[in-house]
file work-v9.csv (CSV, C-alpha atoms)
chain,number,residue,atom,x,y,z
A,529,MET,CA,27.5,2.5,-0.3
A,530,GLY,CA,29.6,-0.5,0.4
A,531,LEU,CA,28.9,-4.2,0.9
A,532,PHE,CA,28.9,-5.1,4.6
A,533,ASN,CA,28.4,-8.8,4.3
A,534,PHE,CA,27.1,-11.4,1.9
A,535,PHE,CA,26.4,-15.0,3.1
A,536,LEU,CA,24.1,-17.9,2.8
A,537,TRP,CA,21.3,-17.2,5.2
A,538,HIS,CA,18.4,-19.1,6.6
A,539,PRO,CA,15.0,-17.3,7.2
A,540,LYS,CA,13.0,-17.7,10.4
A,541,GLU,CA,10.0,-20.0,10.5
A,542,GLU,CA,6.6,-18.3,10.2
A,543,HIS,CA,8.1,-14.9,9.6
A,544,LEU,CA,6.8,-12.9,6.6
A,545,TYR,CA,9.6,-11.3,4.6
A,546,LYS,CA,8.6,-8.4,2.3
A,547,SER,CA,9.9,-5.2,1.0
A,548,TRP,CA,9.2,-2.1,3.0
A,549,ASN,CA,10.1,1.6,3.2
A,550,HIS,CA,11.1,3.8,6.1
A,551,ARG,CA,10.0,7.4,5.9
A,552,LYS,CA,11.8,10.2,7.7
A,553,TRP,CA,9.7,13.2,8.8
A,554,THR,CA,10.9,16.7,9.8
A,555,TRP,CA,9.2,19.6,11.4
A,556,ALA,CA,8.8,22.5,8.9
A,557,GLY,CA,7.0,25.5,10.2
A,558,GLN,CA,3.5,24.5,11.2
A,559,LYS,CA,3.4,21.0,9.8
A,560,ILE,CA,5.3,17.7,9.6
A,561,GLU,CA,6.8,17.1,6.1
A,562,GLN,CA,8.2,13.9,4.6
A,563,THR,CA,11.7,14.7,3.4
A,564,ILE,CA,13.1,11.3,2.2
A,565,SER,CA,12.1,7.7,1.8
A,566,ILE,CA,14.6,4.9,2.5
A,567,LYS,CA,14.1,1.4,1.2
A,568,GLU,CA,14.9,-0.7,4.3
A,569,ALA,CA,14.4,-4.2,2.7
A,570,VAL,CA,14.0,-5.7,-0.8
A,571,VAL,CA,13.0,-9.2,-1.5
A,572,ARG,CA,13.7,-10.8,-4.9
A,573,ILE,CA,13.3,-14.2,-6.5
A,574,TYR,CA,15.3,-15.7,-9.4
A,575,TYR,CA,13.8,-18.7,-11.0
A,576,ASP,CA,14.8,-18.4,-14.6
A,577,PRO,CA,18.0,-17.0,-16.2
A,578,THR,CA,16.5,-13.8,-17.5
A,579,THR,CA,13.8,-12.6,-15.0
A,580,VAL,CA,13.8,-11.2,-11.5
A,581,TYR,CA,10.6,-10.7,-9.6
A,582,LYS,CA,9.8,-8.9,-6.4
A,583,CYS,CA,8.2,-11.2,-4.0
A,584,THR,CA,6.9,-11.9,-0.5
A,585,PHE,CA,7.6,-15.2,1.2
A,586,ARG,CA,7.1,-17.2,4.4
A,587,ILE,CA,8.6,-20.5,5.6
A,588,SER,CA,6.3,-23.0,7.3
A,589,LYS,CA,7.1,-26.7,8.2
A,590,GLY,CA,9.8,-27.0,5.6
A,591,ILE,CA,7.8,-25.4,2.8
A,592,CYS,CA,8.3,-21.9,1.3
A,593,LYS,CA,5.2,-20.1,0.2
A,594,ILE,CA,6.1,-17.4,-2.3
A,595,ARG,CA,3.9,-14.6,-3.6
A,596,ILE,CA,5.2,-13.0,-6.8
A,597,LYS,CA,4.2,-9.5,-8.0
A,598,ASN,CA,4.0,-9.1,-11.7
A,599,PHE,CA,2.9,-5.7,-13.0
A,600,ILE,CA,0.2,-5.7,-15.7
A,601,ASP,CA,-0.6,-2.0,-15.8
A,602,GLN,CA,2.2,0.4,-14.9
A,603,LEU,CA,0.0,3.4,-15.6
A,604,ASN,CA,-2.4,2.6,-12.7
A,605,LYS,CA,0.1,0.6,-10.7
A,606,LEU,CA,-1.9,-2.7,-10.9
A,607,HIS,CA,-0.3,-6.1,-10.7
A,608,LYS,CA,-1.3,-9.7,-10.5
A,609,GLU,CA,-0.1,-11.9,-7.7
A,610,TYR,CA,1.0,-15.5,-8.2
A,611,TRP,CA,1.4,-18.1,-5.4
A,612,LEU,CA,4.1,-20.7,-5.6
A,613,THR,CA,5.3,-23.3,-3.1
A,614,THR,CA,8.5,-25.4,-3.0
A,615,PRO,CA,10.5,-27.2,-0.3
A,616,ILE,CA,13.1,-25.0,1.4
A,617,ASN,CA,15.9,-27.4,0.2
A,618,ASN,CA,15.0,-26.2,-3.4
A,619,ILE,CA,16.0,-22.6,-2.6
A,620,LYS,CA,19.3,-20.9,-1.9
A,621,PHE,CA,18.6,-18.1,0.5
A,622,GLU,CA,20.9,-15.1,0.5
A,623,LYS,CA,21.0,-11.9,2.5
A,624,LYS,CA,23.0,-8.8,1.8
A,625,THR,CA,23.5,-6.1,4.5
A,626,LEU,CA,24.4,-2.8,3.0
A,627,ARG,CA,25.4,0.3,4.9
A,628,LYS,CA,25.1,3.8,3.3
A,629,ILE,CA,25.2,7.4,4.4
A,630,MET,CA,22.0,9.4,3.7
A,631,GLN,CA,22.0,13.2,3.5
A,632,GLY,CA,19.1,15.5,4.3
A,633,GLN,CA,18.4,19.1,4.9
A,634,THR,CA,16.3,21.0,7.4
A,635,TYR,CA,16.0,24.7,8.3
A,636,GLY,CA,18.9,24.2,10.6
A,637,GLY,CA,21.2,23.1,7.8
A,638,LYS,CA,22.4,19.9,6.1
A,639,TYR,CA,23.0,16.7,8.0
A,640,SER,CA,24.0,13.0,7.3
A,641,TYR,CA,23.3,9.8,9.1
A,642,PRO,CA,24.0,6.0,8.5
A,643,VAL,CA,21.3,3.7,7.2
A,644,THR,CA,21.3,-0.1,7.1
A,645,THR,CA,19.4,-1.7,4.3
A,646,TYR,CA,18.9,-5.4,3.4
A,647,LEU,CA,18.5,-7.4,0.2
A,648,TYR,CA,17.0,-10.9,0.6
A,649,THR,CA,17.4,-13.1,-2.5
A,650,LEU,CA,15.7,-16.5,-3.3
A,651,LYS,CA,17.4,-18.6,-6.0
A,652,ILE,CA,15.4,-21.6,-7.2
A,653,VAL,CA,17.6,-24.7,-7.7
A,654,ASP,CA,15.1,-26.8,-9.7
A,655,LYS,CA,12.2,-25.0,-11.4
A,656,ASN,CA,10.3,-28.3,-11.8
A,657,LYS,CA,9.9,-28.5,-8.1
A,658,LEU,CA,7.8,-25.3,-8.0
A,659,LYS,CA,4.1,-25.9,-7.4
A,660,THR,CA,1.2,-23.6,-8.1
A,661,GLU,CA,-1.0,-24.8,-5.3
A,662,ASN,CA,-4.1,-22.7,-5.0
A,663,MET,CA,-2.7,-20.3,-7.5
A,664,GLN,CA,-4.6,-17.0,-7.4
A,665,SER,CA,-4.6,-13.9,-9.5
A,666,GLN,CA,-5.3,-10.7,-7.8
A,667,ILE,CA,-5.2,-7.0,-8.6
A,668,VAL,CA,-3.7,-4.8,-5.9
A,669,ARG,CA,-4.4,-1.1,-6.0
A,670,ARG,CA,-2.9,1.9,-4.2
A,671,ARG,CA,-6.0,3.9,-3.2
A,672,GLY,CA,-6.3,7.4,-1.9
A,673,THR,CA,-9.4,7.6,0.3
A,674,ALA,CA,-11.2,10.8,1.4
A,675,ILE,CA,-13.2,11.5,4.5
A,676,VAL,CA,-15.2,14.6,4.1
A,677,ASP,CA,-16.9,15.2,7.5
A,678,THR,CA,-19.7,17.8,7.5
A,679,PRO,CA,-22.5,18.8,9.9
A,680,LYS,CA,-24.7,16.6,7.7
A,681,GLY,CA,-22.4,13.6,8.2
A,682,ILE,CA,-19.6,11.9,6.3
A,683,LEU,CA,-19.9,12.1,2.6
A,684,ILE,CA,-20.3,8.7,0.8
A,685,ALA,CA,-20.8,7.7,-2.8
A,686,SER,CA,-22.7,4.9,-4.4
A,687,HIS,CA,-20.6,2.7,-6.7
A,688,HIS,CA,-22.7,0.0,-8.4
A,689,LYS,CA,-25.1,-0.1,-5.5
A,690,THR,CA,-22.3,-0.2,-2.9
A,691,TRP,CA,-21.7,2.8,-0.6
A,692,LEU,CA,-18.0,3.8,-0.4
A,693,LEU,CA,-15.9,6.8,0.7
A,694,PRO,CA,-14.8,9.0,-2.2
A,695,GLY,CA,-11.4,8.1,-3.6
A,696,GLY,CA,-9.7,5.9,-6.1
A,697,GLY,CA,-6.5,4.3,-7.4
A,698,ALA,CA,-3.3,6.4,-7.7
A,699,ASN,CA,-1.9,6.9,-11.2
A,700,ARG,CA,1.7,6.2,-12.0
A,701,GLY,CA,3.9,8.6,-10.1
A,702,GLU,CA,0.9,10.0,-8.2
A,703,SER,CA,0.8,10.0,-4.4
A,704,ARG,CA,-2.3,8.6,-2.7
A,705,GLU,CA,-2.9,12.1,-1.2
A,706,ARG,CA,-3.1,13.6,-4.7
A,707,ALA,CA,-5.3,10.7,-5.8
A,708,ALA,CA,-7.7,11.3,-3.0
A,709,ILE,CA,-8.0,15.0,-3.8
A,710,ARG,CA,-8.3,14.3,-7.6
A,711,GLU,CA,-10.9,11.5,-7.2
A,712,LEU,CA,-13.0,13.6,-4.8
A,713,ARG,CA,-13.2,16.4,-7.4
A,714,GLU,CA,-13.9,14.0,-10.3
A,715,GLU,CA,-16.6,12.0,-8.4
A,716,THR,CA,-18.3,14.8,-6.5
A,717,GLY,CA,-17.1,18.2,-7.9
A,718,LEU,CA,-15.7,19.3,-4.6
A,719,ARG,CA,-12.4,21.1,-4.4
A,720,ALA,CA,-10.2,20.3,-1.5
A,721,THR,CA,-9.1,23.3,0.6
A,722,SER,CA,-7.1,21.3,3.2
A,723,CYS,CA,-6.0,17.7,3.5
A,724,LYS,CA,-4.7,15.9,6.6
A,725,TYR,CA,-3.3,12.3,6.6
A,726,LEU,CA,-5.0,10.0,9.1
A,727,PHE,CA,-3.9,6.4,8.7
A,728,GLU,CA,-3.3,3.4,6.3
A,729,TYR,CA,-5.6,0.5,5.9
A,730,ASP,CA,-4.8,-2.5,3.8
A,731,GLU,CA,-7.8,-4.7,2.9
A,732,PRO,CA,-7.3,-8.3,4.0
A,733,ASP,CA,-5.5,-10.7,1.7
A,734,ASP,CA,-8.5,-13.1,1.6
A,735,GLY,CA,-8.6,-14.0,-2.1
A,736,ARG,CA,-10.7,-11.0,-3.3
A,737,ARG,CA,-10.3,-10.1,-7.0
A,738,ILE,CA,-9.3,-6.4,-6.3
A,739,ARG,CA,-7.5,-5.6,-3.1
A,740,ASN,CA,-7.1,-1.9,-2.1
A,741,LEU,CA,-4.2,-0.5,0.0
A,742,HIS,CA,-5.8,2.6,1.4
A,743,LYS,CA,-4.2,5.8,2.7
A,744,VAL,CA,-7.0,7.8,4.4
A,745,PHE,CA,-7.1,11.6,4.4
A,746,LEU,CA,-9.4,14.0,6.2
A,747,ILE,CA,-10.3,16.6,3.6
A,748,GLU,CA,-12.1,19.9,3.9
A,749,ALA,CA,-13.6,21.0,0.6
A,750,GLU,CA,-15.7,23.7,-1.0
A,751,GLY,CA,-18.5,23.5,-3.5
A,752,LYS,CA,-21.8,21.7,-3.7
A,753,PRO,CA,-21.4,17.9,-4.1
A,754,ARG,CA,-22.9,16.3,-7.2
A,755,PRO,CA,-22.3,12.8,-8.6
A,756,ASN,CA,-20.5,12.6,-11.9
A,757,HIS,CA,-23.0,9.9,-13.2
A,758,ARG,CA,-20.2,7.8,-14.6
A,759,ASP,CA,-18.9,5.6,-11.8
A,760,VAL,CA,-20.8,7.5,-9.1
A,761,HIS,CA,-24.6,7.8,-9.4
A,762,HIS,CA,-25.7,8.9,-5.9
A,763,LEU,CA,-24.2,10.8,-3.0
A,764,ALA,CA,-25.3,10.8,0.7
A,765,PHE,CA,-24.2,11.8,4.1
A,766,TRP,CA,-23.7,9.0,6.7
A,767,LYS,CA,-24.1,9.4,10.5
A,768,SER,CA,-24.1,6.9,13.3
A,769,GLY,CA,-27.4,5.1,13.4
A,770,SER,CA,-28.0,5.7,9.6
A,771,ASP,CA,-29.8,2.9,7.8
A,772,ILE,CA,-27.4,3.2,4.8
A,773,VAL,CA,-25.3,0.0,4.6
A,774,LEU,CA,-21.6,0.8,4.1
A,775,SER,CA,-19.2,-1.7,2.4
A,776,PRO,CA,-17.2,-3.7,5.0
A,777,THR,CA,-14.0,-1.8,4.2
A,778,THR,CA,-15.8,1.6,4.4
A,779,LYS,CA,-17.4,0.6,7.7
A,780,THR,CA,-14.0,-0.3,9.1
A,781,ILE,CA,-12.3,2.9,8.0
A,782,VAL,CA,-15.2,5.1,9.3
A,783,GLU,CA,-15.3,3.3,12.6
A,784,ARG,CA,-11.5,3.8,13.1
A,785,TYR,CA,-11.8,7.5,12.2
A,786,LEU,CA,-14.7,8.0,14.7
A,787,ASN,CA,-13.0,6.1,17.5
A,788,GLU,CA,-9.4,7.4,17.1
A,789,PHE,CA,-9.8,10.9,15.5
A,790,LYS,CA,-13.3,12.2,15.9
A,791,LYS,CA,-13.3,12.0,19.7

call {"tool": "encode", "arguments": {"input": "work-v9.csv", "output": "structure tokens"}}
result
Amino acid sequence: MGLFNFFLWHPKEEHLYKSWNHRKWTWAGQKIEQTISIKEAVVRIYYDPTTVYKCTFRISKGICKIRIKNFIDQLNKLHKEYWLTTPINNIKFEKKTLRKIMQGQTYGGKYSYPVTTYLYTLKIVDKNKLKTENMQSQIVRRRGTAIVDTPKGILIASHHKTWLLPGGGANRGESRERAAIRELREETGLRATSCKYLFEYDEPDDGRRIRNLHKVFLIEAEGKPRPNHRDVHHLAFWKSGSDIVLSPTTKTIVERYLNEFKK
């Protein structure tokens, strides 16, 4: 992996810069399997001599708004988010373009291919010019969400008088698929017999205290559903026209499932 270039770089106005991954999928027998995950972009900020943070940033009218992620619970992958603003002339923007050769393997044999990755860096010139305007603290959670669609309807669970789809936060090192299967069993006693990935849904970044990043799975399960009476006290089956009021997020996910997959 060699350095391709390294230069002072100026970000685009109104463009959101954030870290993201590219997943490569291969056909294996009767299903699509994820074989590797490539980090396509990483955004970091340096604003004191000893600490580096991952961040997201956007430039607007000469001001840079920065959202810093600071992990507070590695076990459950929870972190707080801090909002900072500063003039763009108080930041040195840098961009590295790296090229590397990735290797993979399928039933046809091994193969290799070039991948371009990026590292964006923000270096604060004067820390005193950083402002914490509208500073917010938020917990962001990776959630595995299960849709169990039965002849009676879609299984939903009551959490503190709110009706949600079964599921919960992924533990450290746990995929959201495994989290959905585990939480379904813990909350309802059902054992998954099959699990199919449907789509992702990130709750809006509107200042809510806990923000869930959902991966939604269609799960077939066996057993008789029963609430665990810890965090789930009631179970029900929801159908179109039901008078059960779903949470806004649950309603959005269910409607997308019905419109894009059920039909």

call {"tool": "atom_distance", "arguments": {"input": "work-v9.csv", "atom1": "atom CA of Lys593 of chain A", "atom2": "atom CA of Ser547 of chain A"}}
result
15.6 Å

call {"tool": "closest_residue", "arguments": {"input": "work-v9.csv", "among": "A:Thr780, A:Thr584, A:Asn617, A:Ser686", "to": "Val744 of chain A", "atoms": "only C-alpha atoms"}}
result
A:Thr780

call {"tool": "atom_distance", "arguments": {"input": "work-v9.csv", "atom1": "atom CA of Val653 of chain A", "atom2": "atom CA of Phe585 of chain A"}}
result
16.4 Å

call {"tool": "closest_residue", "arguments": {"input": "work-v9.csv", "among": "A:Ser775, A:Thr716, A:Ser770, A:Asn787", "to": "Lys752 of chain A", "atoms": "only C-alpha atoms"}}
result
A:Thr716

call {"tool": "residues_near_point", "arguments": {"input": "work-v9.csv", "point": "(-18.4, 11.1, -6.5)", "cutoff": "7 Å", "atoms": "only C-alpha atoms", "output": "PDB file with C-alpha atoms, in the coordinates of the input"}}
result
ATOM      1  CA  ALA A 685     -20.800   7.700  -2.800  1.00  0.00           C
ATOM      2  CA  PRO A 694     -14.800   9.000  -2.200  1.00  0.00           C
ATOM      3  CA  LEU A 712     -13.000  13.600  -4.800  1.00  0.00           C
ATOM      4  CA  GLU A 714     -13.900  14.000 -10.300  1.00  0.00           C
ATOM      5  CA  GLU A 715     -16.600  12.000  -8.400  1.00  0.00           C
ATOM      6  CA  THR A 716     -18.300  14.800  -6.500  1.00  0.00           C
ATOM      7  CA  ARG A 754     -22.900  16.300  -7.200  1.00  0.00           C
ATOM      8  CA  PRO A 755     -22.300  12.800  -8.600  1.00  0.00           C
ATOM      9  CA  ASN A 756     -20.500  12.600 -11.900  1.00  0.00           C
ATOM     10  CA  VAL A 760     -20.800   7.500  -9.100  1.00  0.00           C
ATOM     11  CA  LEU A 763     -24.200  10.800  -3.000  1.00  0.00           C
TER      12      LEU A 763
END

call {"tool": "residues_around", "arguments": {"input": "work-v9.csv", "residues": "Gly672 of chain A", "least_positions_apart": "2", "cutoff": "7 Å", "atoms": "all atoms listed in the file", "output": "PyMOL selection string"}}
result
chain A and resi 670+674+695-698+704-705+707-708+742-744

call {"tool": "atom_distance", "arguments": {"input": "work-v9.csv", "atom1": "atom CA of Glu728 of chain A", "atom2": "atom CA of Gly769 of chain A"}}
result
25.2 Å

call {"tool": "residues_near_point", "arguments": {"input": "work-v9.csv", "point": "(2.0, -16.4, -7.7)", "cutoff": "6 Å", "atoms": "only C-alpha atoms", "output": "PyMOL selection string"}}
result
chain A and resi 595-596+609-612

call {"tool": "closest_residue", "arguments": {"input": "work-v9.csv", "among": "A:Ile781, A:Ala720, A:Leu692, A:Val773", "to": "Gly751 of chain A", "atoms": "all atoms listed in the file"}}
result
A:Ala720

call {"tool": "residues_around", "arguments": {"input": "work-v9.csv", "residues": "His543 of chain A", "least_positions_apart": "3", "cutoff": "12 Å", "atoms": "all atoms listed in the file", "output": "list in words"}}
result
His538, Pro539, Lys540, Lys546, Thr584, Phe585, Arg586, Ile587, Ser588, Lys589, Cys592 and Lys593 of chain A

call {"tool": "closest_residue", "arguments": {"input": "work-v9.csv", "among": "A:Asp677, A:Phe727, A:Phe745, A:His687", "to": "Ile709 of chain A", "atoms": "all atoms listed in the file"}}
result
A:Phe745
